[in-house]
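Dropping target_6.txt in here (compact mmCIF, C-alpha atoms):
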# COMPACT_ATOMS: atom_id res chain seq x y z
CA MET E 1 156.64 154.38 68.00
CA MET E 2 154.78 151.47 66.55
CA ARG E 3 157.76 149.20 67.23
CA ALA E 4 157.79 150.35 70.83
CA ARG E 5 154.14 149.46 71.33
CA VAL E 6 154.62 146.04 69.80
CA LEU E 7 157.61 145.45 72.06
CA ALA E 8 155.63 146.50 75.13
CA LEU E 9 152.80 144.18 74.17
CA VAL E 10 155.21 141.26 73.70
CA LEU E 11 156.85 141.93 77.05
CA GLY E 12 153.49 142.21 78.77
CA GLY E 13 152.28 139.00 77.23
CA THR E 14 155.44 137.18 78.19
CA THR E 15 155.10 138.40 81.77
CA LEU E 16 151.51 137.30 81.97
CA LEU E 17 152.38 133.92 80.48
CA GLY E 18 155.22 133.43 82.97
CA PHE E 19 152.98 134.40 85.89
CA GLY E 20 150.33 132.04 84.68
CA LEU E 21 152.78 129.19 84.40
CA TRP E 22 154.15 129.87 87.92
CA LEU E 23 150.65 130.02 89.32
CA GLY E 24 149.73 126.76 87.69
CA ARG E 25 152.83 124.99 89.00
CA SER E 26 152.25 126.22 92.53
CA SER E 27 148.70 125.06 92.59
CA SER E 28 149.61 121.67 91.14
CA SER E 29 152.29 121.28 93.87
CA GLU E 30 149.75 121.93 96.53
CA ALA E 31 147.43 119.54 94.81
CA ARG E 32 150.12 116.87 94.87
CA VAL E 33 150.66 117.39 98.56
CA ARG E 34 146.95 117.23 99.17
CA ASP E 35 146.65 114.13 97.02
CA THR E 36 149.46 112.42 98.90
CA SER E 37 147.98 113.24 102.24
CA VAL E 38 144.60 111.99 101.25
CA ALA E 39 146.02 108.79 99.83
CA ALA E 40 148.15 108.15 102.88
CA GLU E 41 145.52 108.95 105.46
CA PRO E 42 143.81 105.56 105.61
CA VAL E 43 147.14 103.83 106.19
CA GLU E 44 148.83 106.17 108.58
CA ARG E 45 147.23 109.16 110.22
CA ALA E 46 150.51 110.88 111.03
CA ARG E 47 151.58 110.83 107.40
CA PRO E 48 150.05 114.20 106.31
CA VAL E 49 152.38 116.07 108.65
CA VAL E 50 155.38 114.32 107.17
CA ALA E 51 154.12 114.79 103.66
CA ALA E 52 153.45 118.48 104.21
CA ALA E 53 156.92 118.94 105.63
CA ARG E 54 158.63 117.10 102.84
CA PRO E 55 158.81 119.97 100.32
CA GLN E 56 160.57 122.08 102.95
CA VAL E 57 163.19 119.40 103.51
CA VAL E 58 163.82 119.12 99.79
CA ALA E 59 164.10 122.87 99.46
CA ARG E 60 166.64 123.14 102.30
CA PRO E 61 170.15 123.61 100.96
CA SER E 62 172.48 120.72 101.75
CA LEU E 63 175.36 121.41 104.11
CA PRO E 64 178.79 121.58 102.55
CA ARG E 65 180.90 118.50 103.18
CA ARG E 66 183.69 118.89 105.68
CA ALA E 67 186.97 118.43 103.99
CA PRO E 68 189.19 115.94 105.85
CA SER E 69 191.97 117.68 107.65
CA PRO E 70 195.33 116.78 106.24
CA ALA E 71 197.46 114.60 108.52
CA ARG E 72 200.34 116.99 108.57
CA GLY E 73 203.51 115.60 110.07
CA LEU E 74 201.89 112.24 110.83
CA ALA E 75 204.64 110.22 109.17
CA ALA E 76 207.27 111.89 111.32
CA ASP E 77 205.19 111.52 114.49
CA LEU E 78 204.73 107.80 113.88
CA ILE E 79 208.45 107.33 114.38
CA SER E 80 208.93 110.01 117.01
CA SER E 81 211.23 109.17 119.87
CA ASP E 82 208.61 110.66 122.19
CA THR E 83 206.37 107.80 123.30
CA ASN E 84 203.35 110.03 123.85
CA ILE E 85 203.58 111.52 120.36
CA ARG E 86 204.02 108.09 118.83
CA ARG E 87 201.11 106.77 120.89
CA ALA E 88 198.80 109.56 119.70
CA ALA E 89 199.93 109.18 116.08
CA VAL E 90 199.25 105.43 116.04
CA ALA E 91 195.88 105.97 117.71
CA GLU E 92 195.04 108.49 114.98
CA VAL E 93 195.92 105.99 112.26
CA ALA E 94 194.06 103.21 114.03
CA GLN E 95 190.87 105.26 114.19
CA ALA E 96 191.01 106.45 110.60
CA SER E 97 188.50 104.93 108.20
CA ASP E 98 191.25 104.43 105.64
CA ALA E 99 193.94 103.17 108.02
CA ASP E 100 197.08 101.97 106.27
CA PRO E 101 197.80 98.33 107.19
CA GLN E 102 201.51 98.76 106.58
CA VAL E 103 201.69 101.59 109.08
CA LEU E 104 199.85 99.48 111.64
CA LEU E 105 202.02 96.43 110.97
CA ALA E 106 205.06 98.57 111.67
CA ALA E 107 203.43 100.03 114.79
CA SER E 108 202.61 96.54 116.03
CA LYS E 109 206.34 96.06 116.59
CA ASP E 110 206.58 99.10 118.85
CA VAL E 111 208.47 98.47 122.07
CA GLU E 112 205.72 100.22 124.01
CA PRO E 113 203.04 97.56 124.61
CA GLY E 114 200.16 100.03 124.65
CA ILE E 115 201.08 101.35 121.19
CA ALA E 116 201.58 97.86 119.79
CA GLY E 117 198.28 96.80 121.33
CA THR E 118 196.42 99.67 119.69
CA ALA E 119 197.94 98.68 116.37
CA PHE E 120 196.94 95.04 116.78
CA VAL E 121 193.34 95.90 117.61
CA ALA E 122 193.11 97.97 114.44
CA LEU E 123 194.95 95.33 112.42
CA GLY E 124 192.48 92.71 113.54
CA LYS E 125 189.62 94.76 112.11
CA LEU E 126 191.44 95.36 108.84
CA TYR E 127 192.32 91.67 108.59
CA ALA E 128 188.68 90.76 109.13
CA ASP E 129 187.86 93.12 106.25
CA GLY E 130 190.38 91.37 104.03
CA GLN E 131 192.80 94.27 103.94
CA VAL E 132 195.77 92.48 105.50
CA PRO E 133 197.34 89.30 104.09
CA VAL E 134 197.07 86.27 106.34
CA ALA E 135 200.81 85.75 106.01
CA ASP E 136 201.47 89.06 107.73
CA MET E 137 199.12 88.17 110.56
CA ILE E 138 200.68 84.73 110.97
CA ALA E 139 204.12 86.31 111.09
CA ARG E 140 203.06 88.60 113.92
CA ALA E 141 201.07 85.95 115.81
CA THR E 142 203.95 83.49 115.82
CA ASP E 143 206.62 86.05 116.64
CA ARG E 144 207.63 85.33 120.22
CA SER E 145 209.59 88.58 120.40
CA VAL E 146 206.30 90.47 120.50
CA HIS E 147 205.78 91.93 123.98
CA THR E 148 204.22 89.44 126.38
CA ARG E 149 201.26 91.67 127.14
CA VAL E 150 200.51 92.20 123.45
CA ARG E 151 201.04 88.70 122.16
CA PRO E 152 197.48 87.51 122.96
CA LEU E 153 196.13 90.34 120.80
CA ALA E 154 198.31 89.22 117.89
CA ILE E 155 197.09 85.63 118.20
CA ASN E 156 193.49 86.71 118.63
CA ALA E 157 193.64 88.98 115.59
CA LEU E 158 194.78 86.04 113.49
CA GLY E 159 192.47 83.41 114.89
CA ALA E 160 189.21 85.31 115.09
CA VAL E 161 188.78 85.03 111.31
CA ALA E 162 188.27 81.61 109.74
CA ASN E 163 191.16 80.81 107.44
CA PRO E 164 192.80 77.46 106.59
CA ASP E 165 196.33 78.77 107.03
CA ALA E 166 195.43 80.39 110.35
CA ALA E 167 193.72 77.19 111.48
CA ALA E 168 196.84 75.17 110.69
CA VAL E 169 198.98 77.57 112.68
CA LEU E 170 196.59 77.37 115.63
CA ALA E 171 196.50 73.57 115.46
CA THR E 172 200.28 73.51 115.71
CA MET E 173 200.25 76.11 118.46
CA VAL E 174 197.77 74.22 120.62
CA ALA E 175 199.91 71.09 120.33
CA THR E 176 203.37 72.54 120.82
CA GLY E 177 203.08 76.08 122.19
CA ASP E 178 203.68 77.40 125.67
CA VAL E 179 200.74 77.53 128.03
CA GLY E 180 199.63 81.01 126.94
CA GLU E 181 199.76 80.04 123.27
CA ARG E 182 197.92 76.80 123.91
CA ARG E 183 195.17 78.54 125.85
CA ALA E 184 194.70 81.18 123.16
CA ALA E 185 194.84 78.69 120.29
CA SER E 186 192.42 76.27 121.93
CA ALA E 187 189.90 79.09 122.35
CA LEU E 188 190.35 80.32 118.78
CA LEU E 189 190.09 76.94 117.08
CA ALA E 190 186.36 77.02 117.76
CA MET E 191 186.20 79.80 115.17
CA GLN E 192 188.08 77.83 112.52
CA ASP E 193 187.07 75.19 110.02
CA ALA E 194 186.06 71.94 111.72
CA GLU E 195 188.26 69.76 109.49
CA ILE E 196 191.36 71.23 111.09
CA ALA E 197 189.94 72.37 114.40
CA VAL E 198 188.16 69.25 115.66
CA PRO E 199 191.11 66.82 115.59
CA ALA E 200 193.31 69.45 117.25
CA LEU E 201 190.70 70.11 119.91
CA ILE E 202 190.26 66.39 120.63
CA ARG E 203 194.01 66.11 121.21
CA ALA E 204 193.89 69.18 123.44
CA LEU E 205 191.49 67.42 125.81
CA ALA E 206 194.57 65.70 127.23
CA ASP E 207 196.48 68.93 127.77
CA ALA E 208 198.14 69.41 131.14
CA ASP E 209 196.52 72.82 131.58
CA GLU E 210 192.95 72.90 132.85
CA TYR E 211 192.07 76.03 130.86
CA VAL E 212 193.26 74.47 127.59
CA ARG E 213 191.12 71.42 128.33
CA ASP E 214 188.19 73.67 129.16
CA ASN E 215 188.59 75.61 125.91
CA ALA E 216 188.93 72.41 123.93
CA LEU E 217 185.75 70.97 125.42
CA ASN E 218 183.81 74.17 124.80
CA GLY E 219 185.08 74.27 121.24
CA LEU E 220 184.06 70.68 120.61
CA LYS E 221 180.61 71.31 122.07
CA ALA E 222 180.22 74.25 119.72
CA LYS E 223 181.44 72.30 116.70
CA SER E 224 179.18 69.35 117.51
CA ARG E 225 176.05 71.44 118.02
CA GLY E 226 175.83 70.87 121.73
CA ARG E 227 177.04 67.29 122.11
CA ASP E 228 178.97 66.65 125.27
CA PHE E 229 181.28 63.68 125.72
CA GLY E 230 183.26 65.41 128.42
CA THR E 231 186.99 64.81 128.26
CA ASP E 232 186.50 61.36 126.71
CA ALA E 233 188.71 61.77 123.65
CA GLY E 234 187.70 58.36 122.36
CA ALA E 235 184.03 59.28 122.34
CA TRP E 236 184.75 62.53 120.57
CA GLN E 237 186.92 60.72 118.05
CA ALA E 238 184.14 58.21 117.41
CA TRP E 239 181.65 60.99 116.89
CA TRP E 240 184.00 62.78 114.51
CA GLN E 241 184.59 59.62 112.48
CA SER E 242 180.86 59.03 112.27
CA ARG E 243 180.41 62.43 110.69
CA ARG E 244 182.56 61.64 107.67
CA VAL F 1 211.07 94.20 236.53
CA LEU F 2 214.58 95.39 235.58
CA LYS F 3 214.43 98.37 233.26
CA PHE F 4 216.91 100.82 231.79
CA THR F 5 216.25 104.51 232.51
CA THR F 6 217.58 106.78 229.79
CA GLY F 7 217.63 109.98 231.95
CA THR F 8 219.91 108.50 234.61
CA ASN F 9 221.54 106.13 232.17
CA SER F 10 221.17 103.34 234.76
CA TRP F 11 219.41 100.09 235.34
CA GLY F 12 216.90 99.71 238.13
CA CYS F 13 213.59 98.17 239.24
CA ALA F 14 210.38 99.61 237.76
CA ASN F 15 206.76 98.66 237.11
CA ASP F 16 205.92 96.81 233.99
CA ILE F 17 203.78 98.82 231.52
CA ASP F 18 201.56 97.13 228.84
CA THR F 19 201.98 99.24 225.68
CA ASN F 20 199.88 96.91 223.48
CA THR F 21 196.71 98.92 222.72
CA GLY F 22 194.96 96.24 220.61
CA GLY F 23 195.26 92.56 220.70
CA ASP F 24 191.75 91.42 219.81
CA VAL F 25 192.91 88.97 217.08
CA THR F 26 193.17 85.58 218.51
CA ASP F 27 192.94 83.47 215.35
CA VAL F 28 193.24 83.80 211.51
CA ILE F 29 190.82 81.88 209.35
CA GLY F 30 191.16 81.56 205.59
CA GLY F 31 188.21 83.23 203.84
CA LEU F 32 186.83 82.33 200.40
CA GLY F 33 189.68 81.26 198.12
CA LEU F 34 192.18 81.32 200.98
CA THR F 35 193.55 78.67 203.26
CA ALA F 36 195.14 79.63 206.58
CA THR F 37 197.93 77.63 208.16
CA ASN F 38 198.72 78.08 211.87
CA GLY F 39 195.83 80.50 212.20
CA GLY F 40 196.33 80.79 215.99
CA GLY F 41 199.76 82.33 215.46
CA PRO F 42 202.16 83.49 216.18
CA SER F 43 203.05 83.09 212.43
CA VAL F 44 200.10 82.67 210.08
CA THR F 45 200.34 81.59 206.42
CA LEU F 46 197.54 82.30 203.94
CA ASP F 47 197.51 80.30 200.71
CA ILE F 48 195.41 81.20 197.64
CA GLY F 49 193.43 78.35 196.34
CA ALA F 50 194.44 77.86 192.68
CA GLY F 51 191.11 77.16 191.01
CA THR F 52 190.65 75.93 187.42
CA GLY F 53 192.66 78.02 184.99
CA ILE F 54 194.63 79.80 187.73
CA VAL F 55 198.29 79.38 188.55
CA VAL F 56 199.64 80.56 191.90
CA GLY F 57 203.37 81.20 192.07
CA ALA F 58 205.68 82.36 194.86
CA ASN F 59 204.56 85.97 194.53
CA THR F 60 202.06 85.91 191.65
CA VAL F 61 198.59 84.85 190.75
CA SER F 62 198.06 84.34 186.97
CA LEU F 63 195.96 82.60 184.36
CA ASP F 64 196.88 79.09 183.38
CA THR F 65 197.13 79.80 179.62
CA ALA F 66 197.72 76.15 178.92
CA PHE F 67 194.14 75.72 180.07
CA THR F 68 192.51 78.87 178.67
CA ASP F 69 194.08 78.59 175.21
CA THR F 70 192.51 75.24 174.71
CA ARG F 71 189.32 76.10 176.48
CA TYR F 72 188.12 79.34 174.95
CA ASP F 73 188.29 78.46 171.26
CA GLN F 74 185.86 77.06 168.73
CA ARG F 75 185.69 73.65 170.39
CA TYR F 76 183.65 75.31 173.11
CA GLY F 77 182.06 78.24 171.29
CA PRO F 78 182.09 79.46 167.66
CA GLN F 79 182.59 83.02 168.80
CA PHE F 80 186.07 82.30 170.19
CA LEU F 81 189.27 82.86 168.20
CA ASP F 82 192.54 81.81 169.77
CA VAL F 83 195.39 82.07 167.29
CA SER F 84 196.29 84.03 164.18
CA GLY F 85 194.66 82.54 161.13
CA ASP F 86 191.82 81.01 163.07
CA SER F 87 188.36 81.36 161.60
CA MET F 88 185.02 81.92 163.19
CA GLY F 89 182.21 79.45 162.96
CA GLY F 90 179.34 81.78 163.63
CA PRO F 91 177.92 85.13 162.62
CA LEU F 92 179.65 88.29 163.77
CA ASP F 93 177.34 91.07 164.89
CA MET F 94 179.21 94.35 164.85
CA GLY F 95 176.36 96.11 166.60
CA GLY F 96 176.49 98.93 164.10
CA PHE F 97 180.22 99.50 164.43
CA ARG F 98 182.64 99.46 161.49
CA VAL F 99 185.60 97.20 160.90
CA THR F 100 188.49 99.47 160.07
CA ASN F 101 192.11 99.25 158.98
CA ARG F 102 191.62 96.11 156.98
CA GLY F 103 194.37 94.94 154.67
CA CYS F 104 194.43 93.50 151.16
CA PRO F 105 194.49 89.72 150.76
CA PRO F 106 197.87 88.06 150.23
CA ALA F 107 199.24 88.51 146.67
CA TYR F 108 197.17 91.66 146.20
CA THR F 109 198.45 95.24 145.95
CA ALA F 110 196.71 98.11 147.72
CA PHE F 111 195.67 101.13 145.67
CA GLY F 112 194.61 103.46 148.44
CA ALA F 113 192.58 102.49 151.47
CA GLY F 114 189.95 100.36 149.84
CA LEU F 115 191.11 99.03 146.49
CA CYS F 116 193.12 95.84 146.05
CA LEU F 117 194.35 94.48 142.72
CA GLU F 118 195.84 91.07 142.18
CA SER F 119 199.58 91.60 141.88
CA ILE F 120 200.32 88.92 139.31
CA ASP F 121 197.67 88.53 136.64
CA GLU F 122 196.93 85.21 134.99
CA GLY F 123 197.65 84.93 131.29
CA ALA F 124 195.31 83.88 128.49
CA LEU F 125 191.91 83.24 130.06
CA THR F 126 188.54 83.74 128.46
CA PHE F 127 186.18 86.24 130.07
CA SER F 128 184.17 83.49 131.75
CA GLN F 129 187.25 81.67 132.97
CA CYS F 130 188.55 84.91 134.42
CA ALA F 131 185.28 85.68 136.19
CA ASN F 132 185.20 82.19 137.66
CA LYS F 133 188.83 82.35 138.75
CA CYS F 134 188.21 85.58 140.63
CA ARG F 135 185.11 84.14 142.25
CA GLN F 136 187.23 81.37 143.71
CA GLU F 137 189.85 83.71 145.16
CA VAL F 138 190.19 83.56 148.94
CA GLY F 139 187.58 85.87 150.39
CA GLY F 140 185.93 86.26 146.98
CA ALA F 141 186.94 88.73 144.29
CA HIS F 142 185.81 89.84 140.87
CA ILE F 143 187.16 91.21 137.61
CA CYS F 144 187.76 94.96 137.76
CA THR F 145 184.88 97.02 136.51
CA SER F 146 185.67 99.85 134.14
CA GLY F 147 185.46 102.35 136.98
CA GLU F 148 187.65 100.32 139.29
CA MET F 149 190.25 99.80 136.61
CA ARG F 150 190.26 103.49 135.76
CA ALA F 151 190.67 104.31 139.45
CA ALA F 152 193.65 101.99 139.72
CA ILE F 153 195.22 103.50 136.61
CA ALA F 154 194.51 107.06 137.77
CA SER F 155 196.00 106.39 141.21
CA GLY F 156 199.49 106.68 139.79
CA ILE F 157 200.52 103.58 141.73
CA THR F 158 202.36 101.16 139.52
CA ILE F 159 200.22 98.20 138.56
CA PRO F 160 202.50 95.20 139.04
CA ASN F 161 203.55 92.61 136.49
CA GLY F 162 203.75 94.93 133.49
CA GLY F 163 200.65 97.04 134.09
CA ALA F 164 197.02 96.60 133.18
CA ASN F 165 197.40 96.36 129.41
CA GLY F 166 195.60 93.27 128.21
CA ASP F 167 193.58 92.77 131.41
CA TRP F 168 189.91 91.93 131.11
CA VAL F 169 187.46 94.57 132.37
CA ASP F 170 184.11 93.53 133.83
CA ASP F 171 181.90 95.33 131.32
CA GLN F 172 180.41 94.26 128.00
CA ASP F 173 179.64 96.59 125.10
CA THR F 174 177.63 93.94 123.23
CA ASN F 175 176.09 90.60 124.05
CA THR F 176 179.22 88.84 122.82
CA ASN F 177 182.04 91.27 123.50
CA ALA F 178 183.73 92.26 126.75
CA LEU F 179 186.07 95.15 127.46
CA PHE F 180 189.79 94.85 128.08
CA VAL F 181 192.60 97.35 128.55
CA VAL F 182 194.52 98.08 125.37
CA ASP F 183 196.65 101.01 126.50
CA GLN F 184 196.38 102.23 130.08
CA SER F 185 198.28 105.41 129.17
CA ILE F 186 195.54 107.03 127.13
CA ALA F 187 192.22 108.66 128.03
CA ILE F 188 190.18 105.89 126.44
CA PRO F 189 192.24 102.91 127.47
CA MET F 190 189.83 100.12 126.63
CA SER F 191 188.54 98.25 123.63
CA SER F 192 186.43 95.11 123.33
CA GLN F 193 186.78 91.65 121.93
CA ALA F 194 184.77 88.44 121.88
CA ALA F 195 184.37 87.13 125.41
CA THR F 196 185.41 83.69 124.17
CA LEU F 197 188.86 84.94 123.22
CA THR F 198 191.64 85.01 125.78
CA THR F 199 193.65 87.72 127.44
CA PHE F 200 195.04 88.53 130.89
CA CYS F 201 192.96 88.15 134.03
CA ARG F 202 193.50 90.31 137.09
CA CYS F 203 191.14 90.01 140.03
CA TYR F 204 189.96 92.82 142.26
CA THR F 205 188.57 93.11 145.72
CA ASP F 206 187.59 96.14 147.71
CA LEU F 207 187.69 96.96 151.39
CA GLU F 208 184.94 99.56 151.39
Can the structure in the file be given as structure tokens, please?
Amino acid sequence: MMRARVLALVLGGTTLLGFGLWLGRSSSSEARVRDTSVAAEPVERARPVVAAARPQVVARPSLPRRAPSPARGLAADLISSDTNIRRAAVAEVAQASDADPQVLLAASKDVEPGIAGTAFVALGKLYADGQVPVADMIARATDRSVHTRVRPLAINALGAVANPDAAAVLATMVATGDVGERRAASALLAMQDAEIAVPALIRALADADEYVRDNALNGLKAKSRGRDFGTDAGAWQAWWQSRR
Amino acid sequence: VLKFTTGTNSWGCANDIDTNTGGDVTDVIGGLGLTATNGGGPSVTLDIGAGTGIVVGANTVSLDTAFTDTRYDQRYGPQFLDVSGDSMGGPLDMGGFRVTNRGCPPAYTAFGAGLCLESIDEGALTFSQCANKCRQEVGGAHICTSGEMRAAIASGITIPNGGANGDWVDDQDTNTNALFVVDQSIAIPMSSQAATLTTFCRCYTDLE
């Protein structure tokens, strides 16, 4: 009997103690909110509303993360004989945040220009992020068997990122390529290192194609911070020599 | 006078009878534009006076086109057109009426009644070069807008020279990037790249 009373007293005391602690914590929370609002008021009048709402945001349970859906059958669809299936599969890879460069390199050889184009656009982004070796991009950009309507994308993907090897390829292309290659290369050299680009662009001022000459002049203006010697290759050469 | 009588089937003397009920015309005079010859008869000839630009033949009166073709053209008035391919030198006031049944310019393909796309696109131009090229097209043209390009693709009519893939589109998604067609076979056929890069250029003009 005595033990039962003692036990009841202990339980009662514990309950009271717990209630007291809870009460104290609640009041101190409110006090913190009040303190924050008072401190923030001189700086920003709207702050109290945000501060008062903050505990609710913290208390809200976080949403469960959506698990990525598995790409079931994607590998098979990438090599499907059905163009539409292949097209959708490559587009899916191209849009993925963790796109596989090897898959896109393979897709860039697709006989269907739209599919190859999609692959090249995605490859260009991966290459800019350093996920594709420059050698692979050079191989695709210089491959004349790539579909005519996709070839500019291959060259652009290579040349839009400054790289000495890419610049050397573009310098050769602007000197010896067909008109489409020369136009593309002359536009892209403006994005490459001046040591390789400027001499190539000066030579391109004498190109037979007006658009190559136009690109070369624009590139030289950009590289020279706005100088304009027109198509006077000698004047450009003199300027370039003076910069060394 | 001697007359033949049908009832008796014989010749005999009879009074002369004047059966001419008129006979007031005594002379023919050529009026305006006409010239009379031998107006007093018995045979009268009327000739039409062939004024400037008129040719009078044996049985015809016609325009002298050798005169009118050189007269009513732009040397005498900017409103005159004389041959195919001629061009006007003055404003044309349609008075509120429409010009209908117009055709696409040469080297353009019609996509319905009012949409014309350049049949052979130019390779490897920057966005600015493409815009300027289209501006200089005969009659003036422009790069396809996104809507115009989508309409051409959706028409089902084959876009010549390998389709629209790679063609610039006259819209920019950033200050530096312009749209182009990546794959015309999908719902979102376009992507963007730096406007200073090169790709195909196909001009557009409408007949709305």
Give me the residues of stretch 113-204 of chain E that have any atom at most 9 Å from an atom of stretch 67-90 of chain E; for each, the nearest atom pair and the distance in Å, rounded to one decimal. Use all atoms listed in the file, sort by chain and number, and format it as CSV.
residue,atom,partner,partner_atom,distance
E:Gly114,CA,E:Arg87,CA,7.8
E:Ile115,CA,E:Arg87,CA,5.4
E:Ala116,CA,E:Val90,CA,8.8
E:Thr118,CA,E:Val90,CA,7.4
E:Ala119,CA,E:Val90,CA,6.9
Take the residues just selected and output them with C-alpha atoms as a tab-separated table (two decimals), keeping the file's coordinate frame.
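The file below, part02.tsv, is the result:
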chain	number	residue	atom	x	y	z
E	114	GLY	CA	200.16	100.03	124.65
E	115	ILE	CA	201.08	101.35	121.19
E	116	ALA	CA	201.58	97.86	119.79
E	118	THR	CA	196.42	99.67	119.69
E	119	ALA	CA	197.94	98.68	116.37
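Note that the spacing between atom CA of F:Tyr108 and atom CA of F:Gly90 amounts to 26.8 Å.
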Near stretch 143-156 of chain E, counting all atoms listed in the file, which residues have an atom at most 6 Å away, once you skip same-chain residues fewer than 4 positions from it, shown as a list in words? Gly117 and Ala160 of chain E; Gly166 and Thr199 of chain F
With all atoms listed in the file considered, list every residue of chain F at most 12 Å from chain E, as a PyMOL selection string. chain F and resi 121-130+132-133+161-168+180-201
Suppose you want the space between atom CA of E:Glu92 and atom CA of E:Ala162; what is it in Å? 28.2 Å
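Atom CA of F:Phe111 sits 11.5 Å away from atom CA of F:Arg150.
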